[in-house]
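Chemist: My file is work30.txt. It has compact mmCIF, C-alpha atoms:
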```txt
# COMPACT_ATOMS: atom_id res chain seq x y z
CA MET A 1 -38.73 31.50 -48.91
CA ALA A 2 -36.77 28.94 -50.90
CA ALA A 3 -34.95 30.01 -54.03
CA LEU A 4 -37.06 29.57 -57.16
CA PRO A 5 -35.85 28.83 -60.70
CA PRO A 6 -36.31 31.92 -62.89
CA ARG A 7 -38.93 30.22 -65.07
CA GLU A 8 -41.03 29.16 -62.08
CA PHE A 9 -40.62 32.57 -60.48
CA ALA A 10 -41.86 34.28 -63.67
CA ALA A 11 -44.80 31.87 -63.91
CA GLN A 12 -45.89 32.78 -60.38
CA VAL A 13 -45.27 36.52 -60.46
CA LEU A 14 -46.71 37.38 -63.90
CA PRO A 15 -50.31 36.26 -63.37
CA GLY A 16 -50.32 36.65 -59.61
CA CYS A 17 -48.86 40.13 -59.21
CA LEU A 18 -47.78 41.98 -62.37
CA VAL A 19 -51.08 41.88 -64.26
CA PRO A 20 -53.38 42.62 -61.25
CA THR A 21 -51.12 45.43 -60.03
CA ALA A 22 -51.01 47.10 -63.46
CA ARG A 23 -54.77 46.75 -63.84
CA GLN A 24 -55.50 48.21 -60.40
CA GLY A 25 -53.05 51.05 -60.93
CA LEU A 26 -54.62 52.12 -64.21
CA ALA A 27 -58.12 51.80 -62.73
CA GLN A 28 -57.16 54.25 -60.00
CA LEU A 29 -55.32 56.67 -62.27
CA TRP A 30 -57.50 57.08 -65.36
CA PRO A 31 -59.89 59.70 -63.81
CA LEU A 32 -56.89 61.85 -62.83
CA LEU A 33 -55.38 61.51 -66.30
CA LEU A 34 -58.70 62.52 -67.89
CA LEU A 35 -58.93 65.59 -65.64
CA CYS A 36 -55.38 66.59 -66.61
CA LEU A 37 -56.24 66.17 -70.29
CA GLY A 38 -59.44 68.17 -69.74
CA ALA A 39 -57.43 71.02 -68.20
CA ARG A 40 -55.05 70.93 -71.16
CA LEU A 41 -57.90 71.22 -73.66
CA LEU A 42 -59.61 73.90 -71.58
CA HIS A 43 -56.48 76.02 -71.68
CA ARG A 44 -56.49 75.81 -75.48
CA LEU A 45 -59.98 77.33 -75.72
CA PRO A 46 -60.43 81.08 -76.30
CA LEU A 47 -61.84 81.72 -72.82
CA PRO A 48 -61.17 84.53 -70.35
CA HIS A 49 -58.20 83.76 -68.14
CA GLY A 50 -60.43 83.87 -65.06
CA GLY A 51 -62.50 81.02 -66.46
CA LYS A 52 -59.36 78.98 -67.16
CA HIS A 53 -58.12 79.44 -63.60
CA ALA A 54 -61.52 78.50 -62.20
CA GLY A 55 -61.58 75.41 -64.42
CA ALA A 56 -58.10 74.40 -63.22
CA ALA A 57 -59.16 74.78 -59.57
CA ALA A 58 -62.36 72.80 -60.15
CA GLY A 59 -60.45 70.00 -61.91
CA GLY A 60 -57.97 69.83 -59.05
CA LEU A 61 -60.73 69.61 -56.44
CA LEU A 62 -62.39 66.79 -58.41
CA ALA A 63 -59.05 64.95 -58.53
CA LEU A 64 -58.66 65.36 -54.77
CA HIS A 65 -62.18 64.06 -54.20
CA HIS A 66 -61.46 61.01 -56.37
CA PHE A 67 -58.49 60.01 -54.21
CA PHE A 68 -59.52 61.25 -50.76
CA GLY A 69 -63.31 61.48 -50.85
CA ALA A 70 -64.80 63.97 -48.40
CA HIS A 71 -61.39 64.41 -46.76
CA ALA A 72 -60.34 66.44 -49.80
CA LEU A 73 -61.99 69.31 -47.92
CA TRP A 74 -58.87 69.58 -45.75
CA VAL A 75 -56.65 70.25 -48.76
CA ALA A 76 -59.22 72.75 -50.08
CA LEU A 77 -59.20 74.52 -46.69
CA LEU A 78 -55.41 74.80 -46.77
CA SER A 79 -55.61 76.32 -50.26
CA ALA A 80 -58.26 78.81 -49.11
CA LEU A 81 -56.14 79.69 -46.05
CA CYS A 82 -53.14 80.40 -48.28
CA VAL A 83 -55.22 82.61 -50.62
CA LEU A 84 -56.59 84.53 -47.61
CA THR A 85 -53.15 84.90 -46.01
CA LEU A 86 -51.67 86.20 -49.26
CA ALA A 87 -54.49 88.75 -49.60
CA LEU A 88 -54.16 89.96 -45.98
CA SER A 89 -50.36 90.26 -46.18
CA ARG A 90 -50.36 92.15 -49.48
CA ALA A 91 -49.15 95.35 -47.86
CA ARG A 92 -46.22 93.61 -46.15
CA ARG A 93 -42.85 92.61 -47.54
CA GLN A 94 -42.77 89.31 -45.66
CA ARG A 95 -45.48 87.41 -47.50
CA GLY A 96 -43.32 84.32 -47.89
CA LEU A 97 -42.75 84.12 -44.14
CA CYS A 98 -46.44 84.76 -43.40
CA LEU A 99 -47.51 81.98 -45.77
CA ALA A 100 -44.89 79.60 -44.35
CA LEU A 101 -46.12 80.18 -40.80
CA ALA A 102 -49.79 79.86 -41.79
CA ALA A 103 -49.20 76.61 -43.71
CA LEU A 104 -47.01 75.16 -40.93
CA CYS A 105 -49.58 75.96 -38.22
CA TYR A 106 -52.35 74.41 -40.30
CA LEU A 107 -50.35 71.24 -40.99
CA LEU A 108 -49.39 70.82 -37.33
CA LEU A 109 -52.94 71.43 -36.08
CA GLY A 110 -54.35 69.06 -38.66
CA GLU A 111 -51.98 66.26 -37.74
CA LEU A 112 -52.23 66.74 -33.98
CA HIS A 113 -55.89 67.66 -33.46
CA MET A 114 -58.20 67.96 -36.45
CA VAL A 115 -57.85 64.66 -38.37
CA ASP A 116 -56.95 61.09 -37.41
CA THR A 117 -53.39 60.03 -38.16
CA VAL A 118 -54.13 57.46 -40.89
CA THR A 119 -56.33 59.84 -42.91
CA TRP A 120 -53.89 62.73 -42.55
CA HIS A 121 -50.95 60.62 -43.69
CA LYS A 122 -52.83 59.68 -46.85
CA MET A 123 -53.24 63.37 -47.71
CA ARG A 124 -49.72 64.36 -46.67
CA GLY A 125 -48.36 64.57 -50.22
CA ALA A 126 -51.15 66.83 -51.48
CA GLN A 127 -50.90 69.08 -48.41
CA MET A 128 -47.14 69.34 -48.91
CA VAL A 129 -47.44 70.36 -52.56
CA VAL A 130 -50.00 73.09 -51.78
CA ALA A 131 -47.83 74.44 -48.96
CA MET A 132 -44.72 74.47 -51.16
CA LYS A 133 -46.53 76.32 -53.94
CA ALA A 134 -47.92 78.94 -51.55
CA VAL A 135 -44.58 79.57 -49.84
CA SER A 136 -42.68 79.85 -53.14
CA LEU A 137 -45.24 82.31 -54.50
CA GLY A 138 -44.94 84.45 -51.38
CA PHE A 139 -41.16 84.60 -51.48
CA ASP A 140 -41.15 85.27 -55.23
CA LEU A 141 -43.48 88.22 -54.72
CA ASP A 142 -41.28 89.52 -51.90
CA ARG A 143 -38.28 89.36 -54.23
CA GLY A 144 -40.06 91.19 -57.01
CA GLY A 145 -40.81 88.14 -59.15
CA GLY A 146 -44.05 86.38 -59.98
CA GLY A 147 -45.01 88.70 -62.87
CA GLY A 148 -47.05 91.21 -60.87
CA GLU A 149 -49.72 90.88 -58.20
CA PRO A 150 -51.75 87.69 -58.80
CA THR A 151 -55.53 87.57 -58.49
CA PRO A 152 -57.24 85.16 -56.06
CA ALA A 153 -58.46 83.10 -59.05
CA GLN A 154 -54.89 82.76 -60.33
CA VAL A 155 -53.60 81.70 -56.92
CA LEU A 156 -56.37 79.16 -56.38
CA GLY A 157 -55.90 77.71 -59.87
CA TYR A 158 -52.17 77.47 -59.23
CA LEU A 159 -52.55 75.76 -55.86
CA CYS A 160 -55.20 73.29 -57.07
CA SER A 161 -54.04 72.59 -60.61
CA PRO A 162 -55.02 68.96 -61.44
CA GLY A 163 -51.62 68.25 -62.96
CA SER A 164 -49.82 68.60 -59.63
CA VAL A 165 -52.27 68.84 -56.72
CA VAL A 166 -52.36 65.10 -55.90
CA PHE A 167 -48.88 63.72 -56.61
CA GLY A 168 -46.92 66.88 -57.40
CA PRO A 169 -44.52 68.02 -58.64
CA TRP A 170 -43.95 71.48 -57.25
CA GLU A 171 -43.87 74.01 -60.05
CA PRO A 172 -43.24 77.77 -59.88
CA PHE A 173 -46.11 80.15 -60.46
CA GLY A 174 -44.69 81.20 -63.82
CA ALA A 175 -44.79 77.61 -65.12
CA TYR A 176 -48.48 77.40 -64.23
CA LEU A 177 -49.21 80.68 -66.05
CA ARG A 178 -47.43 79.41 -69.15
CA ALA A 179 -49.55 76.24 -69.04
CA VAL A 180 -52.73 78.33 -68.83
CA GLU A 181 -51.67 80.17 -71.98
CA GLY A 182 -52.16 76.85 -73.74
CA PRO A 183 -49.01 75.77 -75.61
CA PRO A 184 -49.96 73.90 -78.80
CA LEU A 185 -50.68 70.19 -78.83
CA SER A 186 -47.93 68.13 -80.44
CA ALA A 187 -46.61 64.62 -80.89
CA ALA A 188 -43.68 65.45 -78.60
CA TRP A 189 -46.12 66.39 -75.82
CA ALA A 190 -48.03 63.10 -76.23
CA ARG A 191 -44.82 61.04 -76.33
CA LYS A 192 -43.51 62.67 -73.19
CA GLY A 193 -46.75 62.07 -71.27
CA LEU A 194 -47.04 58.44 -72.37
CA ARG A 195 -43.37 57.73 -71.72
CA SER A 196 -43.58 59.10 -68.17
CA LEU A 197 -46.77 57.15 -67.52
CA GLY A 198 -45.14 53.95 -68.80
CA LEU A 199 -42.09 54.46 -66.58
CA ALA A 200 -44.37 55.11 -63.61
CA LEU A 201 -46.16 51.80 -64.12
CA LEU A 202 -42.83 50.01 -64.55
CA CYS A 203 -41.59 51.39 -61.22
CA LEU A 204 -44.87 50.37 -59.56
CA LEU A 205 -44.47 46.80 -60.80
CA VAL A 206 -40.83 46.61 -59.70
CA SER A 207 -41.67 48.01 -56.26
CA THR A 208 -44.64 45.69 -55.70
CA CYS A 209 -43.76 42.48 -57.50
CA LEU A 210 -40.01 42.26 -58.12
CA ALA A 211 -37.98 44.16 -55.53
CA PRO A 212 -39.48 42.33 -52.49
CA PHE A 213 -38.22 39.02 -53.95
CA LEU A 214 -34.94 40.26 -55.39
CA PHE A 215 -32.69 37.98 -53.34
CA SER A 216 -35.15 35.29 -52.29
CA CYS A 217 -35.46 34.37 -55.97
CA LEU A 218 -31.70 33.93 -56.28
CA VAL A 219 -30.63 32.50 -52.93
CA PRO A 220 -32.53 30.79 -50.08
CA LEU A 221 -32.35 33.98 -48.03
CA TYR A 222 -35.27 33.15 -45.79
CA GLY A 223 -34.60 29.43 -45.54
CA ALA A 224 -32.11 28.33 -42.92
CA ARG A 225 -32.54 29.93 -39.51
CA ALA A 226 -28.83 30.68 -39.15
CA LEU A 227 -28.80 32.45 -42.52
CA ARG A 228 -31.93 34.43 -41.66
CA GLN A 229 -30.29 35.76 -38.52
CA SER A 230 -26.90 36.50 -40.07
CA LEU A 231 -25.71 40.08 -40.50
CA TRP A 232 -25.30 39.49 -44.25
CA ALA A 233 -28.96 38.50 -44.58
CA ARG A 234 -30.06 41.56 -42.60
CA TRP A 235 -28.15 43.83 -44.97
CA LEU A 236 -29.62 42.07 -48.01
CA ARG A 237 -33.11 42.55 -46.59
CA ALA A 238 -32.24 46.20 -45.91
CA TYR A 239 -31.27 46.65 -49.56
CA GLU A 240 -34.48 44.92 -50.69
CA SER A 241 -36.55 47.27 -48.53
CA ALA A 242 -34.60 50.28 -49.79
CA LEU A 243 -35.02 49.29 -53.44
CA SER A 244 -38.74 48.66 -53.03
CA PHE A 245 -39.19 52.03 -51.32
CA HIS A 246 -37.08 53.78 -53.95
CA CYS A 247 -39.18 52.35 -56.79
CA SER A 248 -42.41 53.35 -55.08
CA SER A 249 -41.03 56.89 -54.83
CA PHE A 250 -39.96 56.80 -58.48
CA PHE A 251 -43.49 55.67 -59.36
CA VAL A 252 -44.84 58.85 -57.79
CA ALA A 253 -42.11 60.93 -59.45
CA PHE A 254 -42.79 59.63 -62.97
CA LEU A 255 -46.55 59.80 -62.40
CA SER A 256 -46.29 63.45 -61.34
CA GLU A 257 -44.15 64.05 -64.41
CA ALA A 258 -46.89 62.48 -66.57
CA THR A 259 -49.79 64.39 -64.99
CA ALA A 260 -47.95 67.70 -65.13
CA THR A 261 -47.04 67.16 -68.79
CA ILE A 262 -50.55 66.05 -69.81
CA SER A 263 -52.01 69.15 -68.15
CA GLY A 264 -49.61 71.38 -70.10
CA SER A 265 -46.89 72.14 -67.54
CA GLY A 266 -43.24 71.26 -67.65
CA ALA A 267 -42.37 72.84 -71.00
CA SER A 268 -39.38 75.05 -71.64
CA GLY A 269 -38.36 77.19 -74.58
CA HIS A 270 -40.54 79.22 -76.94
CA ARG A 271 -44.30 79.12 -76.43
CA GLU A 272 -45.03 78.05 -80.01
CA ARG A 273 -42.31 75.40 -80.04
CA PRO A 274 -41.96 74.21 -76.44
CA GLN A 275 -39.59 71.50 -75.30
CA TRP A 276 -41.37 68.93 -73.14
CA ASP A 277 -38.39 68.17 -70.93
CA LEU A 278 -39.74 68.05 -67.37
CA VAL A 279 -37.63 65.73 -65.19
CA VAL A 280 -38.73 64.96 -61.63
CA ALA A 281 -36.31 62.16 -60.69
CA ARG A 282 -33.24 60.40 -62.11
CA PRO A 283 -33.40 56.84 -60.76
CA LEU A 284 -30.04 55.67 -62.13
CA ARG A 285 -28.20 58.47 -60.34
CA VAL A 286 -29.92 57.40 -57.12
CA GLU A 287 -29.33 53.65 -57.42
CA LEU A 288 -25.75 54.09 -58.72
CA PRO A 289 -24.78 57.23 -56.82
CA ARG A 290 -21.65 59.29 -57.01
CA SER A 291 -22.42 60.77 -53.60
CA MET A 292 -25.28 61.19 -51.14
CA ALA A 293 -25.59 64.81 -52.24
CA ASP A 294 -26.24 63.49 -55.76
CA VAL A 295 -28.89 61.14 -54.34
CA VAL A 296 -30.69 63.93 -52.50
CA THR A 297 -30.72 66.17 -55.58
CA ASN A 298 -31.85 63.52 -58.07
CA TRP A 299 -34.45 61.96 -55.76
CA ASN A 300 -36.88 64.80 -56.47
CA LEU A 301 -35.43 67.59 -58.59
CA PRO A 302 -38.29 70.11 -58.18
CA MET A 303 -38.37 69.69 -54.40
CA SER A 304 -34.59 69.92 -54.22
CA ARG A 305 -34.79 73.16 -56.17
CA TRP A 306 -37.54 74.46 -53.84
CA LEU A 307 -35.56 73.62 -50.69
CA HIS A 308 -32.38 75.19 -52.07
CA THR A 309 -34.10 78.37 -53.27
CA TYR A 310 -36.51 79.10 -50.44
CA VAL A 311 -34.93 77.43 -47.39
CA PHE A 312 -31.19 76.95 -47.84
CA GLN A 313 -30.54 80.36 -49.41
CA THR A 314 -32.67 82.05 -46.75
CA ALA A 315 -30.87 80.28 -43.88
CA ARG A 316 -27.36 80.54 -45.36
CA ARG A 317 -26.63 83.68 -43.36
CA LEU A 318 -26.56 81.42 -40.26
CA GLY A 319 -23.70 79.36 -41.69
CA THR A 320 -23.49 76.38 -44.03
CA PHE A 321 -23.97 73.70 -41.37
CA ALA A 322 -27.02 75.45 -39.88
CA ALA A 323 -28.45 76.01 -43.37
CA VAL A 324 -28.04 72.31 -44.25
CA LEU A 325 -29.70 71.11 -41.05
CA GLY A 326 -32.42 73.77 -41.41
CA THR A 327 -33.13 72.58 -44.94
CA TYR A 328 -33.55 68.97 -43.86
CA ALA A 329 -35.60 70.05 -40.83
CA ALA A 330 -37.94 71.96 -43.15
CA SER A 331 -38.25 68.89 -45.36
CA ALA A 332 -39.05 66.77 -42.29
CA LEU A 333 -41.80 69.20 -41.19
CA LEU A 334 -43.31 69.19 -44.67
CA HIS A 335 -43.39 65.39 -44.64
CA GLY A 336 -45.30 65.38 -41.36
CA LEU A 337 -44.69 64.52 -37.72
CA SER A 338 -43.18 61.11 -38.36
CA PHE A 339 -40.24 60.08 -36.21
CA HIS A 340 -38.73 57.71 -38.75
CA LEU A 341 -38.93 60.26 -41.60
CA ALA A 342 -37.41 62.95 -39.39
CA ALA A 343 -34.66 60.51 -38.36
CA VAL A 344 -33.92 59.64 -41.99
CA LEU A 345 -33.91 63.25 -43.19
CA LEU A 346 -31.79 64.60 -40.32
CA SER A 347 -29.38 61.68 -40.75
CA LEU A 348 -29.21 62.58 -44.44
CA GLY A 349 -28.31 66.13 -43.45
CA LEU A 350 -25.41 64.93 -41.29
CA ILE A 351 -24.24 62.44 -43.92
CA THR A 352 -24.30 64.89 -46.84
CA TYR A 353 -22.56 67.64 -44.86
CA THR A 354 -19.84 65.27 -43.65
CA GLU A 355 -19.42 63.79 -47.12
CA HIS A 356 -19.19 67.27 -48.68
CA THR A 357 -16.55 68.36 -46.16
CA LEU A 358 -14.44 65.20 -46.59
CA ARG A 359 -14.58 65.27 -50.38
CA GLN A 360 -13.68 68.96 -50.37
CA ARG A 361 -10.57 68.22 -48.31
CA LEU A 362 -9.60 65.25 -50.52
CA ALA A 363 -10.06 67.34 -53.68
CA ALA A 364 -7.77 70.04 -52.27
CA ILE A 365 -5.09 67.58 -51.09
CA PHE A 366 -4.97 65.46 -54.26
CA ASP A 367 -5.93 68.28 -56.66
CA ALA A 368 -8.47 65.89 -58.17
CA CYS A 369 -12.12 65.85 -59.27
CA VAL A 370 -13.54 64.01 -56.26
CA LEU A 371 -16.08 66.57 -55.06
CA SER A 372 -19.66 65.55 -54.24
CA LYS A 373 -20.85 67.10 -57.49
CA ARG A 374 -19.19 66.41 -60.82
CA CYS A 375 -16.74 69.13 -61.76
CA PRO A 376 -17.47 71.22 -64.88
CA PRO A 377 -15.26 70.47 -67.92
CA GLY A 378 -13.04 73.51 -67.37
CA CYS A 379 -12.33 73.02 -63.66
CA SER A 380 -8.88 73.84 -62.26
CA HIS A 381 -8.14 70.38 -60.83
CA ARG A 382 -4.98 68.76 -62.19
CA HIS A 383 -6.24 65.16 -62.02
CA LYS A 384 -9.58 64.80 -63.73
CA ASP A 385 -10.09 61.32 -65.14
CA ALA A 386 -7.15 59.21 -63.99
CA LEU A 387 -7.72 55.60 -63.00
CA TRP A 388 -7.06 56.28 -59.30
CA VAL A 389 -9.52 59.22 -59.40
CA ARG A 390 -12.19 56.89 -60.79
CA ALA A 391 -11.35 54.30 -58.15
CA LEU A 392 -11.63 56.86 -55.35
CA ASN A 393 -14.95 58.15 -56.68
CA GLY A 394 -16.14 54.55 -56.99
CA ALA A 395 -15.19 53.78 -53.38
CA LEU A 396 -16.96 56.90 -52.12
CA GLY A 397 -19.98 55.99 -54.27
CA ALA A 398 -20.03 52.53 -52.66
CA ILE A 399 -20.16 54.21 -49.25
CA ALA A 400 -23.14 56.24 -50.48
CA LEU A 401 -24.86 53.02 -51.58
CA PHE A 402 -24.16 51.60 -48.13
CA HIS A 403 -25.83 54.64 -46.54
CA LEU A 404 -28.83 54.22 -48.86
CA SER A 405 -29.35 50.61 -47.79
CA TYR A 406 -29.05 51.55 -44.14
CA LEU A 407 -31.57 54.40 -44.35
CA GLY A 408 -33.92 52.33 -46.52
CA ALA A 409 -34.04 49.54 -43.93
CA LEU A 410 -36.64 51.60 -42.03
CA PHE A 411 -39.15 51.17 -44.86
CA ASP A 412 -39.60 47.47 -44.20
CA MET A 413 -41.71 45.60 -46.75
CA GLU A 414 -42.79 43.10 -44.10
CA ALA A 415 -44.05 45.70 -41.62
CA ASP A 416 -47.69 45.59 -40.62
CA ASP A 417 -49.95 47.73 -42.84
CA THR A 418 -51.43 49.51 -39.81
CA ILE A 419 -47.98 50.52 -38.59
CA GLU A 420 -47.09 51.76 -42.08
CA GLU A 421 -50.27 53.85 -42.38
CA GLN A 422 -49.89 55.44 -38.94
CA GLY A 423 -46.17 56.01 -39.28
CA TYR A 424 -43.23 54.09 -37.84
CA GLY A 425 -42.53 55.03 -34.23
CA MET A 426 -39.34 55.65 -32.32
CA SER A 427 -39.02 52.09 -30.99
CA TYR A 428 -39.36 50.65 -34.51
CA THR A 429 -36.71 53.02 -35.88
CA ILE A 430 -34.26 52.26 -33.08
CA ARG A 431 -34.83 48.51 -33.42
CA LYS A 432 -34.22 48.46 -37.20
CA TRP A 433 -31.02 50.50 -36.99
CA SER A 434 -29.83 48.52 -33.97
CA GLU A 435 -30.10 45.34 -36.05
CA LEU A 436 -27.57 46.95 -38.41
CA ASN A 437 -25.37 48.07 -35.47
CA TRP A 438 -25.89 51.78 -36.26
CA ALA A 439 -23.28 51.24 -38.95
CA SER A 440 -24.06 54.27 -41.12
CA HIS A 441 -23.90 56.66 -38.20
CA TRP A 442 -20.55 55.21 -37.11
CA VAL A 443 -19.19 55.54 -40.65
CA THR A 444 -20.41 59.15 -40.77
CA LEU A 445 -18.65 59.88 -37.49
CA GLY A 446 -15.46 58.30 -38.83
CA CYS A 447 -15.64 60.40 -42.02
CA TRP A 448 -16.17 63.55 -39.96
CA VAL A 449 -13.12 62.77 -37.78
CA LEU A 450 -11.06 62.09 -40.92
CA ALA A 451 -12.19 65.37 -42.46
CA ARG A 452 -11.15 67.22 -39.29
CA LEU A 453 -7.72 65.51 -39.25
CA LEU A 454 -7.12 66.48 -42.91
CA ARG A 455 -7.48 70.18 -42.21
```
Would you write out, as structure tokens, the structure that this file holds?
Modeler:
Amino acid sequence: MAALPPREFAAQVLPGCLVPTARQGLAQLWPLLLLCLGARLLHRLPLPHGGKHAGAAAGGLLALHHFFGAHALWVALLSALCVLTLALSRARRQRGLCLALAALCYLLLGELHMVDTVTWHKMRGAQMVVAMKAVSLGFDLDRGGGGGEPTPAQVLGYLCSPGSVVFGPWEPFGAYLRAVEGPPLSAAWARKGLRSLGLALLCLLVSTCLAPFLFSCLVPLYGARALRQSLWARWLRAYESALSFHCSSFFVAFLSEATATISGSGASGHRERPQWDLVVARPLRVELPRSMADVVTNWNLPMSRWLHTYVFQTARRLGTFAAVLGTYAASALLHGLSFHLAAVLLSLGLITYTEHTLRQRLAAIFDACVLSKRCPPGCSHRHKDALWVRALNGALGAIALFHLSYLGALFDMEADDTIEEQGYGMSYTIRKWSELNWASHWVTLGCWVLARLLR
């Protein structure tokens, strides 16, 4: 595509993409938003709690039917299986493990035998959220949390709550119970819901209409054959694909933030004066990263919290490296049997572990604040904010951005829709990374060797 002047580019994109995309997005989302608002108003009524839980479950099932049609039955069956497993394992002290095994077996059987691949992939997000909720509830009950033994109506309402059953986010059982208590309506609640919805639509427009043409608008990236085939052009296309994929993920994150808020979840503080401060993702910390560990955490804060609490902490007795790989393996299983997702997530595990080890060694040698996570104000490091410390953090952040572009190259905007729906295979993954000379993996190996030499 030849480079277009900004005015001509805007004249083509505004009527041809931005307006239709926004209109189609709102047309798809308004029934879900109404169901979330209905749940919020229902929770404010002086009804028995059993009726409120039943209403939440019914609203969630209607939302699932709106997006998946008759296939919503598969999500409902997973929810029923989790309720049954929790009831049958009540006398045991391993309810979290029982629920994890039941959900994992159901997800694997569904993907391999019960449902065709395209349909199952469309429901993957909803299945993942239900499984995460069930597993967290089981482990919380094993650890003495959860506020007592829940009733089947409470569990079903929690699993199928309309504010989170389709797009997420994961929320602990206690947050759902606080939402059912019906915190008061307020201007802050409305502002938070509308702001998150507006940001979701903005990310959708950037992902669909702007990011795919980020460089082709500025330079004739797809013009000359020699330029198309150059390594520089391949990396620019990789960054375009990564940015488009990131914004589509942020769209889901902000939308889940909006639906959860509208339905009454995501509030902290006192019940009568709640703070509507739910945050699902921090896009700026992903696109301008300090480290890959920062990217992983801020990509989806609730899921990061779930993985750390219920997977990493459980597996930590096996050692840090095993716990890190186990955490990313669990994330890969939750996302489905997709080779390219498993490759990305396991590569992320290796990258973040290597980065953490190298930065830890550099922080000890230079006595400086260069760890993967920002140091607290009162840390013991001698060098905190010197110019060379900023430069070193900036260089390491640039390496993280390089890793992001490399991993994002797998989510190609120009890939065939059928391939995207069924999942990218092994040959596709190997081909895309081969085009970039496996650069990120080589850099990770070099960082690991350097970290070993600095011991």
Chemist: Excluding same-chain residues fewer than 5 positions from Arg290 (chain A), what lies within 10 Å of it counting only C-alpha atoms, as a CSV table (one decimal) with C-alpha atoms, keeping the file's coordinate frame?
Modeler:
```csv
chain,number,residue,atom,x,y,z
A,285,ARG,CA,-28.2,58.5,-60.3
A,295,VAL,CA,-28.9,61.1,-54.3
A,370,VAL,CA,-13.5,64.0,-56.3
A,371,LEU,CA,-16.1,66.6,-55.1
A,372,SER,CA,-19.7,65.6,-54.2
A,373,LYS,CA,-20.8,67.1,-57.5
A,374,ARG,CA,-19.2,66.4,-60.8
A,393,ASN,CA,-15.0,58.2,-56.7
A,394,GLY,CA,-16.1,54.6,-57.0
A,395,ALA,CA,-15.2,53.8,-53.4
A,396,LEU,CA,-17.0,56.9,-52.1
A,397,GLY,CA,-20.0,56.0,-54.3
A,398,ALA,CA,-20.0,52.5,-52.7
A,399,ILE,CA,-20.2,54.2,-49.2
A,400,ALA,CA,-23.1,56.2,-50.5
A,401,LEU,CA,-24.9,53.0,-51.6
```
Chemist: Need to verify the contact set: Pro302 (chain A), 7 Å, all atoms listed in the file, exclusion of same-chain residues closer than 2 positions in sequence. Can you return it as a PDB file with C-alpha atoms, keeping the file's coordinate frame?
Modeler:
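Just written: result-v6.pdb:
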```pdb
ATOM      1  CA  PRO A 169     -44.520  68.020 -58.640  1.00  0.00           C
ATOM      2  CA  TRP A 170     -43.950  71.480 -57.250  1.00  0.00           C
ATOM      3  CA  VAL A 280     -38.730  64.960 -61.630  1.00  0.00           C
ATOM      4  CA  ASN A 300     -36.880  64.800 -56.470  1.00  0.00           C
ATOM      5  CA  SER A 304     -34.590  69.920 -54.220  1.00  0.00           C
ATOM      6  CA  ARG A 305     -34.790  73.160 -56.170  1.00  0.00           C
ATOM      7  CA  TRP A 306     -37.540  74.460 -53.840  1.00  0.00           C
TER       8      TRP A 306
END
```
Chemist: Could you state the separation of CA of Gly269 (chain A) and CA of Ala58 (chain A) in Å, given to one decimal place?
Modeler: 28.3 Å
Chemist: Identify, on the basis of only C-alpha atoms, every residue whose closest approach to Leu185 (chain A) does not exceed 12 Å; exclude the query and any residue fewer than 4 positions from it along the same chain; express the result as a PyMOL selection string.
Modeler: chain A and resi 37+40-41+43-44+179+189-193+261-264+267+271-276
Chemist: List the spatial neighbours of region 383-386 of chain A as number ranges by chain - criterion: any atom at most 9 Å away, only C-alpha atoms, same-chain residues fewer than 4 positions off excluded.
Modeler: A: 366-370, 375, 379, 390-391
Chemist: Between A:Ser440, A:Asn298, A:Thr320, A:Ser136, which residue has the minimum interatomic distance to Arg282 (chain A), considering all atoms listed in the file?
Modeler: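 The closest residue to Arg282 (chain A) is A:Asn298.
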Chemist: How many Å separate CA of Lys133 (chain A) from CA of Leu159 (chain A)?
Modeler: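 That distance, rounded to one decimal, is 6.3 Å.
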Chemist: Quick one: of A:Ala76, A:Val155, A:Leu345, A:Val311, who's nearest to Ala100 (chain A), counting only C-alpha atoms?
Modeler: A:Val311
Chemist: Any idea what's packed within 9 Å of Val135 (chain A), counting all atoms listed in the file, ignoring anything in its chain fewer than 2 positions away? Could you give it as a PDB file with C-alpha atoms, in the frame of the given file?
Modeler:
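Contents of result23.pdb, freshly written:
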```pdb
ATOM      1  CA  CYS A  82     -53.140  80.400 -48.280  1.00  0.00           C
ATOM      2  CA  ARG A  95     -45.480  87.410 -47.500  1.00  0.00           C
ATOM      3  CA  GLY A  96     -43.320  84.320 -47.890  1.00  0.00           C
ATOM      4  CA  LEU A  97     -42.750  84.120 -44.140  1.00  0.00           C
ATOM      5  CA  CYS A  98     -46.440  84.760 -43.400  1.00  0.00           C
ATOM      6  CA  LEU A  99     -47.510  81.980 -45.770  1.00  0.00           C
ATOM      7  CA  ALA A 100     -44.890  79.600 -44.350  1.00  0.00           C
ATOM      8  CA  ALA A 103     -49.200  76.610 -43.710  1.00  0.00           C
ATOM      9  CA  VAL A 130     -50.000  73.090 -51.780  1.00  0.00           C
ATOM     10  CA  ALA A 131     -47.830  74.440 -48.960  1.00  0.00           C
ATOM     11  CA  MET A 132     -44.720  74.470 -51.160  1.00  0.00           C
ATOM     12  CA  LYS A 133     -46.530  76.320 -53.940  1.00  0.00           C
ATOM     13  CA  LEU A 137     -45.240  82.310 -54.500  1.00  0.00           C
ATOM     14  CA  GLY A 138     -44.940  84.450 -51.380  1.00  0.00           C
ATOM     15  CA  PHE A 139     -41.160  84.600 -51.480  1.00  0.00           C
ATOM     16  CA  ASP A 140     -41.150  85.270 -55.230  1.00  0.00           C
ATOM     17  CA  TYR A 310     -36.510  79.100 -50.440  1.00  0.00           C
TER      18      TYR A 310
END
```
Chemist: Which of these residues is nearest to Ser164 (chain A), using only C-alpha atoms: A:Arg455, A:Phe254, A:Leu450, A:Lys432?
Modeler: A:Phe254
